[in-house]
$ cat entry.txt   # compact mmCIF, C-alpha atoms and all ligand atoms
# COMPACT_ATOMS: atom_id res chain seq x y z
CA MET A 802 26.56 5.40 -28.88
CA ASN A 803 24.05 4.08 -31.42
CA HIS A 804 21.19 1.81 -30.33
CA PRO A 805 20.99 -0.88 -33.00
CA ASP A 806 17.56 -2.15 -31.93
CA ARG A 807 15.92 1.22 -32.63
CA ARG A 808 15.83 2.39 -36.22
CA ASN A 809 15.20 5.80 -37.68
CA LEU A 810 14.42 6.07 -41.34
CA SER A 811 13.90 9.13 -43.46
CA LEU A 812 14.01 9.75 -47.20
CA LEU A 813 14.35 13.13 -48.89
CA THR A 814 13.26 13.57 -52.48
CA PRO A 815 15.76 15.44 -54.68
CA SER A 816 13.15 17.79 -56.09
CA GLY A 817 15.16 21.01 -55.65
CA HIS A 818 17.70 22.84 -53.53
CA LEU A 819 17.44 22.15 -49.79
CA THR A 820 16.18 25.14 -47.82
CA LEU A 821 16.45 26.62 -44.36
CA GLY A 822 13.10 24.87 -43.71
CA ASN A 823 14.69 21.49 -44.49
CA LEU A 824 17.63 22.28 -42.21
CA LEU A 825 15.60 23.37 -39.17
CA GLY A 826 12.70 20.95 -39.70
CA ALA A 827 14.56 17.86 -40.90
CA LEU A 828 18.38 17.81 -41.12
CA ARG A 829 19.05 19.24 -37.68
CA PRO A 830 16.64 16.89 -35.85
CA MET A 831 18.02 14.01 -37.96
CA ALA A 832 21.58 14.86 -36.92
CA ARG A 833 20.54 15.04 -33.26
CA GLY A 834 18.72 11.70 -33.50
CA GLN A 835 21.82 9.91 -34.74
CA HIS A 836 22.90 8.92 -31.25
CA GLU A 837 19.52 7.51 -30.22
CA ALA A 838 19.06 4.98 -32.99
CA ASP A 839 20.53 3.18 -35.96
CA CYS A 840 19.67 5.77 -38.61
CA PHE A 841 19.06 5.19 -42.31
CA TYR A 842 18.78 8.40 -44.29
CA GLY A 843 18.19 8.14 -48.01
CA ILE A 844 17.83 10.28 -51.08
CA SER A 845 14.73 9.05 -52.87
CA ASP A 846 15.89 9.59 -56.42
CA LEU A 847 13.29 7.14 -57.77
CA HIS A 848 10.52 9.32 -56.37
CA ALA A 849 11.99 12.27 -58.30
CA LEU A 850 11.08 10.44 -61.53
CA THR A 851 7.35 10.56 -60.89
CA THR A 852 7.00 14.02 -62.43
CA PRO A 853 8.68 15.51 -65.54
CA HIS A 854 12.41 15.71 -64.94
CA GLU A 855 15.67 16.46 -66.69
CA PRO A 856 18.38 13.78 -66.18
CA THR A 857 21.40 16.09 -65.86
CA ARG A 858 19.59 18.38 -63.46
CA LEU A 859 18.45 15.42 -61.37
CA ARG A 860 22.02 14.14 -61.12
CA ASP A 861 23.24 17.60 -60.05
CA THR A 862 20.45 17.91 -57.48
CA VAL A 863 21.26 14.47 -56.03
CA ARG A 864 24.97 15.30 -55.78
CA GLU A 865 24.26 18.62 -54.06
CA MET A 866 21.85 16.95 -51.64
CA ALA A 867 24.26 14.09 -50.87
CA THR A 868 27.02 16.60 -50.13
CA LEU A 869 24.70 18.71 -47.98
CA LEU A 870 23.58 15.71 -45.91
CA LEU A 871 27.21 15.03 -45.08
CA ALA A 872 27.93 18.72 -44.50
CA ALA A 873 24.99 18.80 -42.06
CA GLY A 874 26.79 16.22 -39.93
CA LEU A 875 24.87 13.07 -40.81
CA ASP A 876 28.07 11.08 -41.18
CA GLU A 877 27.21 8.76 -38.29
CA SER A 878 24.15 7.51 -40.17
CA THR A 879 23.81 5.11 -43.06
CA LEU A 880 23.41 7.40 -46.08
CA PHE A 881 22.24 5.99 -49.40
CA LEU A 882 20.62 6.55 -52.75
CA GLN A 883 17.34 4.67 -53.08
CA SER A 884 18.14 3.62 -56.67
CA ARG A 885 21.33 1.89 -55.49
CA VAL A 886 19.32 -0.46 -53.26
CA PRO A 887 17.32 -2.45 -55.82
CA ALA A 888 15.18 -4.08 -53.12
CA HIS A 889 13.15 -0.84 -52.95
CA ALA A 890 11.85 -1.22 -56.52
CA GLN A 891 11.59 -5.01 -56.19
CA LEU A 892 9.48 -4.92 -53.04
CA ALA A 893 7.42 -2.04 -54.49
CA TYR A 894 6.26 -4.42 -57.22
CA LEU A 895 5.14 -7.03 -54.71
CA LEU A 896 3.24 -4.32 -52.86
CA GLU A 897 1.63 -3.15 -56.11
CA CYS A 898 0.38 -6.73 -56.27
CA THR A 899 -1.05 -6.27 -52.78
CA ALA A 900 -2.60 -2.79 -53.14
CA TYR A 901 -6.01 -2.09 -54.70
CA THR A 902 -6.66 0.57 -57.33
CA GLY A 903 -9.42 1.89 -55.08
CA GLU A 904 -6.81 2.67 -52.43
CA LEU A 905 -4.41 4.41 -54.79
CA ASN A 906 -7.29 6.39 -56.31
CA ARG A 907 -7.98 7.84 -52.86
CA MET A 908 -4.42 9.14 -52.30
CA ILE A 909 -4.71 12.89 -51.84
CA GLN A 910 -1.43 13.73 -53.59
CA PHE A 911 -2.43 11.77 -56.71
CA LYS A 912 -5.91 13.30 -56.67
CA GLU A 913 -4.45 16.79 -56.43
CA LYS A 914 -1.45 16.44 -58.75
CA GLY A 915 -2.19 13.85 -61.39
CA ARG A 916 -5.65 12.29 -61.63
CA GLY A 917 -7.45 12.92 -64.89
CA VAL A 918 -4.38 14.27 -66.69
CA ASP A 919 -3.44 12.04 -69.65
CA SER A 920 0.30 12.72 -69.37
CA THR A 921 0.52 11.86 -65.65
CA ARG A 922 3.25 9.27 -65.17
CA VAL A 923 2.02 5.86 -64.01
CA SER A 924 4.71 6.03 -61.29
CA LEU A 925 2.94 8.99 -59.65
CA TYR A 926 -0.05 6.70 -59.22
CA THR A 927 1.97 3.76 -57.90
CA TYR A 928 4.32 5.94 -55.78
CA PRO A 929 2.61 4.96 -52.48
CA ALA A 930 3.60 1.30 -53.07
CA LEU A 931 7.23 2.36 -53.48
CA MET A 932 7.01 4.47 -50.36
CA ALA A 933 5.54 1.50 -48.48
CA ALA A 934 8.51 -0.59 -49.68
CA ASP A 935 10.93 2.16 -48.57
CA ILE A 936 9.54 1.81 -45.07
CA LEU A 937 8.79 -1.90 -44.70
CA LEU A 938 12.25 -3.00 -45.91
CA TYR A 939 13.85 -1.44 -42.81
CA ARG A 940 11.32 -2.70 -40.25
CA PRO A 941 11.16 0.53 -38.25
CA GLN A 942 8.81 0.35 -35.25
CA GLN A 943 7.66 3.94 -35.79
CA VAL A 944 7.52 6.33 -38.72
CA PRO A 945 7.35 10.00 -37.75
CA VAL A 946 5.74 11.93 -40.59
CA GLY A 947 4.06 15.26 -41.07
CA ALA A 948 0.37 15.56 -41.90
CA ASP A 949 0.99 15.50 -45.67
CA GLN A 950 2.52 12.00 -45.54
CA ARG A 951 0.22 10.48 -42.96
CA GLN A 952 -2.13 8.91 -45.51
CA HIS A 953 0.82 7.16 -47.17
CA VAL A 954 1.97 5.62 -43.90
CA GLU A 955 -1.61 4.49 -43.12
CA LEU A 956 -1.60 2.76 -46.51
CA THR A 957 1.79 1.20 -45.69
CA ARG A 958 0.24 -0.27 -42.54
CA ASP A 959 -2.80 -1.58 -44.46
CA LEU A 960 -0.57 -3.21 -47.09
CA ALA A 961 1.70 -4.79 -44.46
CA ILE A 962 -1.29 -6.21 -42.56
CA ARG A 963 -2.96 -7.50 -45.75
CA PHE A 964 0.28 -9.13 -46.94
CA ASN A 965 0.95 -10.70 -43.54
CA ASN A 966 -2.62 -12.06 -43.32
CA ALA A 967 -2.55 -13.48 -46.84
CA TYR A 968 0.95 -14.91 -47.03
CA GLY A 969 2.49 -15.06 -43.56
CA PRO A 970 4.06 -12.70 -41.01
CA VAL A 971 6.78 -11.02 -43.08
CA PHE A 972 6.45 -7.33 -42.24
CA THR A 973 6.66 -5.35 -39.03
CA VAL A 974 3.60 -3.09 -39.02
CA PRO A 975 4.96 0.39 -38.25
CA GLU A 976 3.18 2.88 -36.05
CA VAL A 977 2.49 6.36 -37.30
CA ALA A 978 4.30 8.68 -34.90
CA VAL A 979 3.67 12.37 -34.51
CA PRO A 980 7.07 14.00 -34.93
CA ALA A 981 8.33 16.12 -32.07
CA ALA A 982 7.13 19.63 -32.84
CA GLY A 983 9.93 21.05 -34.92
CA ALA A 984 10.35 24.44 -36.47
CA ARG A 985 8.01 24.96 -39.39
CA VAL A 986 9.60 27.64 -41.49
CA MET A 987 7.31 29.68 -43.72
CA ARG A 988 8.17 31.67 -46.84
CA LEU A 989 9.46 35.18 -46.25
CA ASP A 990 7.25 36.64 -48.97
CA ASP A 991 4.13 34.75 -47.89
CA ALA A 992 4.06 33.42 -44.34
CA THR A 993 1.00 31.29 -45.05
CA ARG A 994 3.06 28.98 -47.30
CA LYS A 995 5.75 26.49 -46.25
CA MET A 996 9.31 27.30 -47.30
CA GLY A 997 9.65 24.42 -49.76
CA LYS A 998 12.55 23.09 -51.80
CA SER A 999 10.59 22.84 -55.04
CA ASP A 1000 10.53 26.66 -55.17
CA ALA A 1001 14.00 27.30 -53.77
CA SER A 1002 14.74 29.99 -56.34
CA ALA A 1003 11.87 32.16 -55.08
CA ALA A 1004 12.47 35.46 -53.31
CA GLY A 1005 10.92 34.23 -50.08
CA VAL A 1006 12.87 30.98 -49.83
CA ILE A 1007 16.37 30.74 -48.30
CA ALA A 1008 18.41 27.96 -49.91
CA LEU A 1009 21.12 26.42 -47.75
CA LEU A 1010 23.80 27.45 -50.24
CA ASP A 1011 22.60 31.07 -50.58
CA PRO A 1012 25.59 33.37 -49.97
CA PRO A 1013 25.27 35.99 -47.17
CA ASP A 1014 24.35 38.88 -49.49
CA VAL A 1015 21.49 36.84 -50.99
CA VAL A 1016 20.25 35.94 -47.49
CA ARG A 1017 20.43 39.62 -46.54
CA ARG A 1018 18.42 40.69 -49.60
CA LYS A 1019 15.76 38.03 -49.10
CA VAL A 1020 15.32 38.81 -45.39
CA ALA A 1021 15.27 42.57 -46.10
CA ARG A 1022 12.31 42.00 -48.43
CA ALA A 1023 10.42 39.74 -46.01
CA VAL A 1024 6.78 40.71 -45.66
CA THR A 1025 5.88 42.03 -42.20
CA ASP A 1026 2.95 44.43 -41.55
CA SER A 1027 2.26 48.12 -41.02
CA ASP A 1028 2.16 47.96 -37.21
CA THR A 1029 4.55 50.60 -35.80
CA GLY A 1030 3.54 50.31 -32.14
CA PRO A 1031 6.09 49.81 -29.36
CA ASP A 1032 5.27 46.09 -29.16
CA ALA A 1033 5.10 45.51 -32.93
CA VAL A 1034 7.86 42.88 -32.74
CA ARG A 1035 5.95 39.98 -31.19
CA SER A 1036 4.68 36.50 -32.01
CA ASP A 1037 1.00 36.73 -32.76
CA PRO A 1038 -1.25 34.64 -35.05
CA ALA A 1039 -2.47 37.94 -36.52
CA LYS A 1040 1.14 38.77 -37.52
CA PRO A 1041 2.33 35.71 -39.48
CA GLY A 1042 5.29 37.40 -41.18
CA VAL A 1043 6.75 38.78 -37.95
CA THR A 1044 6.06 35.53 -36.09
CA ASN A 1045 7.90 33.57 -38.77
CA LEU A 1046 10.93 35.90 -38.56
CA LEU A 1047 10.98 35.54 -34.77
CA GLU A 1048 10.82 31.75 -35.05
CA ILE A 1049 13.67 31.69 -37.55
CA LEU A 1050 15.68 33.99 -35.29
CA THR A 1051 15.24 31.77 -32.25
CA ALA A 1052 15.78 28.52 -34.17
CA CYS A 1053 19.07 29.94 -35.47
CA GLY A 1054 20.23 30.77 -31.96
CA GLY A 1055 19.43 34.50 -31.98
CA SER A 1056 17.39 36.55 -29.54
CA ALA A 1057 14.77 39.27 -30.06
CA GLU A 1058 15.45 40.87 -26.70
CA GLY A 1059 15.53 44.65 -26.96
CA ILE A 1060 14.43 44.65 -30.61
CA THR A 1061 11.54 47.03 -31.28
CA THR A 1062 11.62 47.74 -35.02
CA TYR A 1063 11.22 45.52 -38.06
CA GLY A 1064 14.47 46.86 -39.50
CA ALA A 1065 16.39 45.74 -36.42
CA LEU A 1066 14.55 42.41 -36.41
CA LYS A 1067 15.54 41.77 -40.03
CA ARG A 1068 19.17 42.60 -39.32
CA ALA A 1069 19.18 40.19 -36.37
CA VAL A 1070 17.53 37.47 -38.48
CA THR A 1071 20.07 37.97 -41.27
CA ASP A 1072 22.99 37.73 -38.84
CA ALA A 1073 21.58 34.62 -37.17
CA VAL A 1074 20.82 32.83 -40.46
CA VAL A 1075 24.21 33.72 -41.96
CA ALA A 1076 25.94 32.46 -38.80
CA GLU A 1077 23.87 29.26 -38.91
CA LEU A 1078 24.70 28.62 -42.57
CA GLU A 1079 28.36 29.60 -42.51
CA PRO A 1080 29.85 26.39 -41.04
CA LEU A 1081 27.55 24.28 -43.18
CA GLN A 1082 28.60 26.11 -46.35
CA LYS A 1083 32.26 25.87 -45.41
CA ARG A 1084 31.99 22.13 -44.87
CA TYR A 1085 30.01 21.84 -48.11
CA ALA A 1086 32.80 23.55 -50.07
CA GLU A 1087 35.37 21.15 -48.61
CA LEU A 1088 33.27 18.11 -49.42
CA ALA A 1089 32.34 19.37 -52.89
CA ALA A 1090 36.06 19.53 -53.64
CA ASP A 1091 36.34 15.84 -52.77
CA PRO A 1092 33.45 14.12 -54.61
CA ALA A 1093 35.17 10.72 -54.36
CA HIS A 1094 34.77 10.89 -50.57
CA VAL A 1095 31.06 11.66 -50.83
CA ASP A 1096 30.60 8.86 -53.37
CA GLY A 1097 32.45 6.47 -51.06
CA VAL A 1098 30.18 7.27 -48.11
CA PHE A 1099 27.05 6.71 -50.18
CA ARG A 1100 28.46 3.53 -51.77
CA ALA A 1101 29.19 2.05 -48.34
CA GLY A 1102 25.74 3.15 -47.15
CA ALA A 1103 24.00 1.44 -50.07
CA GLU A 1104 26.00 -1.70 -49.43
CA ARG A 1105 24.82 -1.80 -45.84
CA CYS A 1106 21.22 -1.14 -46.96
CA ARG A 1107 21.41 -4.00 -49.43
CA ALA A 1108 22.56 -6.32 -46.63
CA VAL A 1109 19.87 -5.11 -44.21
CA THR A 1110 17.01 -5.28 -46.72
CA ALA A 1111 17.90 -8.54 -48.51
CA PRO A 1112 16.35 -10.86 -45.90
CA VAL A 1113 13.12 -8.85 -45.83
CA LEU A 1114 12.78 -8.96 -49.62
CA ALA A 1115 13.69 -12.66 -49.66
CA ALA A 1116 11.07 -13.44 -47.02
CA ALA A 1117 8.42 -11.47 -48.96
CA GLU A 1118 9.28 -13.25 -52.21
CA ALA A 1119 9.18 -16.67 -50.58
CA ALA A 1120 5.88 -15.93 -48.85
CA ILE A 1121 4.16 -14.65 -51.99
CA GLY A 1122 5.18 -17.76 -53.93
CA LEU A 1123 8.22 -16.69 -55.96
P1 LIG B 1201 10.12 18.21 -48.35
O1 LIG B 1201 11.17 19.23 -48.66
O2 LIG B 1201 8.74 18.77 -48.29
O3 LIG B 1201 10.25 16.98 -49.19
O4 LIG B 1201 10.42 17.73 -46.86
C1 LIG B 1201 11.60 17.08 -46.48
C2 LIG B 1201 11.74 17.20 -44.98
O5 LIG B 1201 12.00 18.57 -44.61
C3 LIG B 1201 10.51 16.78 -44.18
O6 LIG B 1201 10.97 16.19 -42.98
C4 LIG B 1201 9.81 18.07 -43.89
O7 LIG B 1201 9.05 18.01 -42.71
C5 LIG B 1201 10.97 19.04 -43.73
N1 LIG B 1201 10.59 20.39 -44.19
C6 LIG B 1201 10.40 20.77 -45.47
N2 LIG B 1201 10.07 22.08 -45.54
C7 LIG B 1201 10.04 22.54 -44.26
C8 LIG B 1201 9.76 23.82 -43.66
N3 LIG B 1201 9.46 24.88 -44.41
N4 LIG B 1201 9.84 23.94 -42.32
C9 LIG B 1201 10.16 22.85 -41.57
N5 LIG B 1201 10.43 21.64 -42.06
C10 LIG B 1201 10.37 21.46 -43.39

$ encode --input "entry.txt" --output "structure tokens"
Amino acid sequence: MNHPDRRNLSLLTPSGHLTLGNLLGALRPMARGQHEADCFYGISDLHALTTPHEPTRLRDTVREMATLLLAAGLDESTLFLQSRVPAHAQLAYLLECTAYTGELNRMIQFKEKGRGVDSTRVSLYTYPALMAADILLYRPQQVPVGADQRQHVELTRDLAIRFNNAYGPVFTVPEVAVPAAGARVMRLDDATRKMGKSDASAAGVIALLDPPDVVRRKVARAVTDSDTGPDAVRSDPAKPGVTNLLEILTACGGSAEGITTYGALKRAVTDAVVAELEPLQKRYAELAADPAHVDGVFRAGAERCRAVTAPVLAAAEAAIGL
């Protein structure tokens, strides 16, 4: 049973193929949370335009991601494309008229990825205002985000407070919540780096649609270490590669009991990951054969989002003097 007075909100940017990291760290917890709240899960296609992109590829990536969200069992949530809910871009503009350049200049992601480069898109600079709109439109009480997004949610709070003080109490000021410690999956070829979707073609990254033989090859090449002792297979900060494999194994329902060699560990990890992905890939194939169904789900989701966000946008417009 959903609890309509509690809202969960999460947006995924279609910047590449979803990975095992996204499944264990985001999609699975999102699917489990569906029964505890009224969940809005979006594909932030507008955010994908902040860096150089190719239109056909973006459309393909969005379609794959939409189908995967459904295949991952998120069908009890409101699923939508950000661009199909115009209030996101409309409120973003009002928040650009609330934010200061000094604040946006301090955003770490802009400083690292775009500042000082002539060809940086203006939207990469103003992206935090759009993200603030993404959040404030749905009035969630809490926003659970990882460390890399914390600064953006702090800015969202500052903008909401400033707007409310200047024009009237329109926005619910969300709290920054620390997400329940989920699996953090690292790359198989470099366990110091997160398994990310922007490099899903890399040897150390397992994409959710990788067939079993590709999974096997990638896991077989995973970096471990030269320890050959009887207790070599153990979680240990000094053994990041092995620790990562053990975490993947457990998160995918496997067990390391009785495993003493890296070869056996890799076989167990392969089996567990393949078993984890198999039902998802099967469901994906069914849904991919019926794109009209997927489109229908997202169309209905966007319609609901438009209804839910319209009063918030209208209140913001009225308060600011439009
Ligand atoms: P990103 O792919 O970085 O845009 O992140 C989308 C969602 O997936 C966020 O909720 C992340 O926390 C989660 N996520 C991404 N990569 C990983 C990973 N390697 N391990 C665990 N969670 C991840």

$ residues_around --input "entry.txt" --residues "Glu1079 (chain A)" --least-positions-apart "2" --cutoff "12 Å" --atoms "all atoms listed in the file" --output "list in words"
Ala872, Ala873, Leu1009, Leu1010, Asp1011, Pro1012, Pro1013, Val1016, Cys1053, Thr1071, Asp1072, Ala1073, Val1074, Val1075, Ala1076, Glu1077, Leu1081, Gln1082, Lys1083, Arg1084, Tyr1085 and Ala1086 of chain A

$ atom_distance --input "entry.txt" --atom1 "CA of His889 (chain A)" --atom2 "CA of Asp1091 (chain A)"
28.6 Å

$ residues_near_ligand --input "entry.txt" --ligand "ligand LIG 1201 (chain B)" --cutoff "8 Å" --atoms "only C-alpha atoms and all ligand atoms" --output "list in words"
Ser811, Leu812, Leu813, Thr814, Pro815, Ser816, Leu819, Thr820, Leu821, Gly822, Asn823, Leu824, Leu825, Gly826, Ala827, Leu828, Val946, Gly947, Gly983, Ala984, Arg985, Val986, Met987, Arg988, Lys995, Met996, Gly997, Lys998 and Ser999 of chain A

$ write_last_selection --input "entry.txt" --atoms "C-alpha atoms" --output "CSV table (one decimal), keeping the file's coordinate frame"
chain,number,residue,atom,x,y,z
A,811,SER,CA,13.9,9.1,-43.5
A,812,LEU,CA,14.0,9.8,-47.2
A,813,LEU,CA,14.4,13.1,-48.9
A,814,THR,CA,13.3,13.6,-52.5
A,815,PRO,CA,15.8,15.4,-54.7
A,816,SER,CA,13.2,17.8,-56.1
A,819,LEU,CA,17.4,22.2,-49.8
A,820,THR,CA,16.2,25.1,-47.8
A,821,LEU,CA,16.4,26.6,-44.4
A,822,GLY,CA,13.1,24.9,-43.7
A,823,ASN,CA,14.7,21.5,-44.5
A,824,LEU,CA,17.6,22.3,-42.2
A,825,LEU,CA,15.6,23.4,-39.2
A,826,GLY,CA,12.7,21.0,-39.7
A,827,ALA,CA,14.6,17.9,-40.9
A,828,LEU,CA,18.4,17.8,-41.1
A,946,VAL,CA,5.7,11.9,-40.6
A,947,GLY,CA,4.1,15.3,-41.1
A,983,GLY,CA,9.9,21.0,-34.9
A,984,ALA,CA,10.4,24.4,-36.5
A,985,ARG,CA,8.0,25.0,-39.4
A,986,VAL,CA,9.6,27.6,-41.5
A,987,MET,CA,7.3,29.7,-43.7
A,988,ARG,CA,8.2,31.7,-46.8
A,995,LYS,CA,5.8,26.5,-46.2
A,996,MET,CA,9.3,27.3,-47.3
A,997,GLY,CA,9.6,24.4,-49.8
A,998,LYS,CA,12.6,23.1,-51.8
A,999,SER,CA,10.6,22.8,-55.0

$ closest_residue --input "entry.txt" --among "A:Gln910, A:Gln942, A:Thr857, A:Ser884" --to "Leu925 (chain A)" --atoms "only C-alpha atoms"
A:Gln910

$ axis_aligned_box --input "entry.txt" --around "region 1056-1066 of chain A" --padding-each-side "6 Å" --output "lines of an AutoDock Vina configuration file"
center_x = 14.3
center_y = 42.1
center_z = -33.1
size_x = 18.2
size_y = 23.2
size_z = 24.8

$ closest_atom_pairs --input "entry.txt" --of "region 909-1009 of chain A" --to "region 836-851 of chain A" --cutoff "8 Å" --atoms "only C-alpha atoms" --output "CSV"
residue,atom,partner,partner_atom,distance
A:Arg922,CA,A:Thr851,CA,6.1
A:Val923,CA,A:Thr851,CA,7.8
A:Ser924,CA,A:Thr851,CA,5.3
A:Leu925,CA,A:Thr851,CA,4.8
A:Tyr928,CA,A:His848,CA,7.1

$ atom_distance --input "entry.txt" --atom1 "CA of His953 (chain A)" --atom2 "CA of Cys898 (chain A)"
16.6 Å

$ atom_distance --input "entry.txt" --atom1 "CA of Cys1106 (chain A)" --atom2 "CA of Val886 (chain A)"
6.6 Å

$ closest_residue --input "entry.txt" --among "A:Lys912, A:Arg864, A:His818, A:Arg858" --to "Ala1089 (chain A)" --atoms "all atoms listed in the file"
A:Arg864

$ residues_around --input "entry.txt" --residues "Glu976 (chain A)" --least-positions-apart "6" --cutoff "8 Å" --atoms "all atoms listed in the file" --output "MDAnalysis selection string"
chainID A and resid 942:944 958

$ closest_residue --input "entry.txt" --among "A:Pro1031, A:Gly834, A:Pro1112, A:Gly1064" --to "Asn809 (chain A)" --atoms "only C-alpha atoms"
A:Gly834

$ decode --input "entry.txt" --residues "region 1057-1074 of chain A" --atoms "N, CA, C and O atoms" --output "PDB file, in the first residue's frame"
ATOM      1  N   ALA A1057      30.329 -16.401  -0.212  1.00  0.00           N
ATOM      2  CA  ALA A1057      31.753 -16.706  -0.411  1.00  0.00           C
ATOM      3  C   ALA A1057      32.197 -17.865   0.467  1.00  0.00           C
ATOM      4  O   ALA A1057      33.381 -18.179   0.540  1.00  0.00           O
ATOM      5  N   GLU A1058      31.248 -18.501   1.136  1.00  0.00           N
ATOM      6  CA  GLU A1058      31.607 -19.575   2.046  1.00  0.00           C
ATOM      7  C   GLU A1058      32.340 -20.706   1.315  1.00  0.00           C
ATOM      8  O   GLU A1058      31.891 -21.174   0.265  1.00  0.00           O
ATOM      9  N   GLY A1059      33.469 -21.093   1.862  1.00  0.00           N
ATOM     10  CA  GLY A1059      34.229 -22.192   1.276  1.00  0.00           C
ATOM     11  C   GLY A1059      35.083 -21.786   0.080  1.00  0.00           C
ATOM     12  O   GLY A1059      35.811 -22.622  -0.462  1.00  0.00           O
ATOM     13  N   ILE A1060      35.039 -20.531  -0.323  1.00  0.00           N
ATOM     14  CA  ILE A1060      35.840 -20.096  -1.479  1.00  0.00           C
ATOM     15  C   ILE A1060      37.212 -19.621  -0.995  1.00  0.00           C
ATOM     16  O   ILE A1060      37.308 -18.756  -0.117  1.00  0.00           O
ATOM     17  N   THR A1061      38.273 -20.195  -1.580  1.00  0.00           N
ATOM     18  CA  THR A1061      39.616 -19.844  -1.114  1.00  0.00           C
ATOM     19  C   THR A1061      40.508 -19.292  -2.231  1.00  0.00           C
ATOM     20  O   THR A1061      41.587 -18.790  -1.959  1.00  0.00           O
ATOM     21  N   THR A1062      40.079 -19.415  -3.476  1.00  0.00           N
ATOM     22  CA  THR A1062      40.930 -18.903  -4.563  1.00  0.00           C
ATOM     23  C   THR A1062      40.194 -17.819  -5.342  1.00  0.00           C
ATOM     24  O   THR A1062      38.956 -17.788  -5.378  1.00  0.00           O
ATOM     25  N   TYR A1063      40.993 -16.964  -6.004  1.00  0.00           N
ATOM     26  CA  TYR A1063      40.384 -15.883  -6.782  1.00  0.00           C
ATOM     27  C   TYR A1063      39.621 -16.437  -7.985  1.00  0.00           C
ATOM     28  O   TYR A1063      38.608 -15.881  -8.398  1.00  0.00           O
ATOM     29  N   GLY A1064      40.129 -17.539  -8.542  1.00  0.00           N
ATOM     30  CA  GLY A1064      39.431 -18.157  -9.674  1.00  0.00           C
ATOM     31  C   GLY A1064      38.024 -18.582  -9.274  1.00  0.00           C
ATOM     32  O   GLY A1064      37.049 -18.311  -9.970  1.00  0.00           O
ATOM     33  N   ALA A1065      37.927 -19.243  -8.117  1.00  0.00           N
ATOM     34  CA  ALA A1065      36.615 -19.699  -7.641  1.00  0.00           C
ATOM     35  C   ALA A1065      35.726 -18.506  -7.291  1.00  0.00           C
ATOM     36  O   ALA A1065      34.518 -18.511  -7.545  1.00  0.00           O
ATOM     37  N   LEU A1066      36.337 -17.474  -6.718  1.00  0.00           N
ATOM     38  CA  LEU A1066      35.574 -16.268  -6.368  1.00  0.00           C
ATOM     39  C   LEU A1066      34.974 -15.656  -7.634  1.00  0.00           C
ATOM     40  O   LEU A1066      33.791 -15.308  -7.679  1.00  0.00           O
ATOM     41  N   LYS A1067      35.796 -15.562  -8.675  1.00  0.00           N
ATOM     42  CA  LYS A1067      35.301 -14.949  -9.929  1.00  0.00           C
ATOM     43  C   LYS A1067      34.197 -15.791 -10.558  1.00  0.00           C
ATOM     44  O   LYS A1067      33.231 -15.240 -11.105  1.00  0.00           O
ATOM     45  N   ARG A1068      34.319 -17.091 -10.476  1.00  0.00           N
ATOM     46  CA  ARG A1068      33.239 -17.934 -11.019  1.00  0.00           C
ATOM     47  C   ARG A1068      31.942 -17.701 -10.244  1.00  0.00           C
ATOM     48  O   ARG A1068      30.853 -17.591 -10.815  1.00  0.00           O
ATOM     49  N   ALA A1069      32.077 -17.623  -8.915  1.00  0.00           N
ATOM     50  CA  ALA A1069      30.871 -17.402  -8.084  1.00  0.00           C
ATOM     51  C   ALA A1069      30.251 -16.035  -8.378  1.00  0.00           C
ATOM     52  O   ALA A1069      29.025 -15.895  -8.457  1.00  0.00           O
ATOM     53  N   VAL A1070      31.121 -15.016  -8.553  1.00  0.00           N
ATOM     54  CA  VAL A1070      30.610 -13.672  -8.853  1.00  0.00           C
ATOM     55  C   VAL A1070      29.891 -13.685 -10.199  1.00  0.00           C
ATOM     56  O   VAL A1070      28.784 -13.150 -10.338  1.00  0.00           O
ATOM     57  N   THR A1071      30.508 -14.327 -11.199  1.00  0.00           N
ATOM     58  CA  THR A1071      29.875 -14.398 -12.521  1.00  0.00           C
ATOM     59  C   THR A1071      28.497 -15.037 -12.414  1.00  0.00           C
ATOM     60  O   THR A1071      27.501 -14.495 -12.921  1.00  0.00           O
ATOM     61  N   ASP A1072      28.428 -16.189 -11.746  1.00  0.00           N
ATOM     62  CA  ASP A1072      27.144 -16.893 -11.626  1.00  0.00           C
ATOM     63  C   ASP A1072      26.101 -16.012 -10.936  1.00  0.00           C
ATOM     64  O   ASP A1072      24.942 -15.948 -11.362  1.00  0.00           O
ATOM     65  N   ALA A1073      26.524 -15.338  -9.864  1.00  0.00           N
ATOM     66  CA  ALA A1073      25.566 -14.526  -9.099  1.00  0.00           C
ATOM     67  C   ALA A1073      25.083 -13.336  -9.927  1.00  0.00           C
ATOM     68  O   ALA A1073      23.884 -13.017  -9.943  1.00  0.00           O
ATOM     69  N   VAL A1074      26.002 -12.680 -10.640  1.00  0.00           N
ATOM     70  CA  VAL A1074      25.614 -11.505 -11.438  1.00  0.00           C
ATOM     71  C   VAL A1074      24.717 -11.947 -12.597  1.00  0.00           C
ATOM     72  O   VAL A1074      23.681 -11.325 -12.863  1.00  0.00           O
TER      73      VAL A1074
END
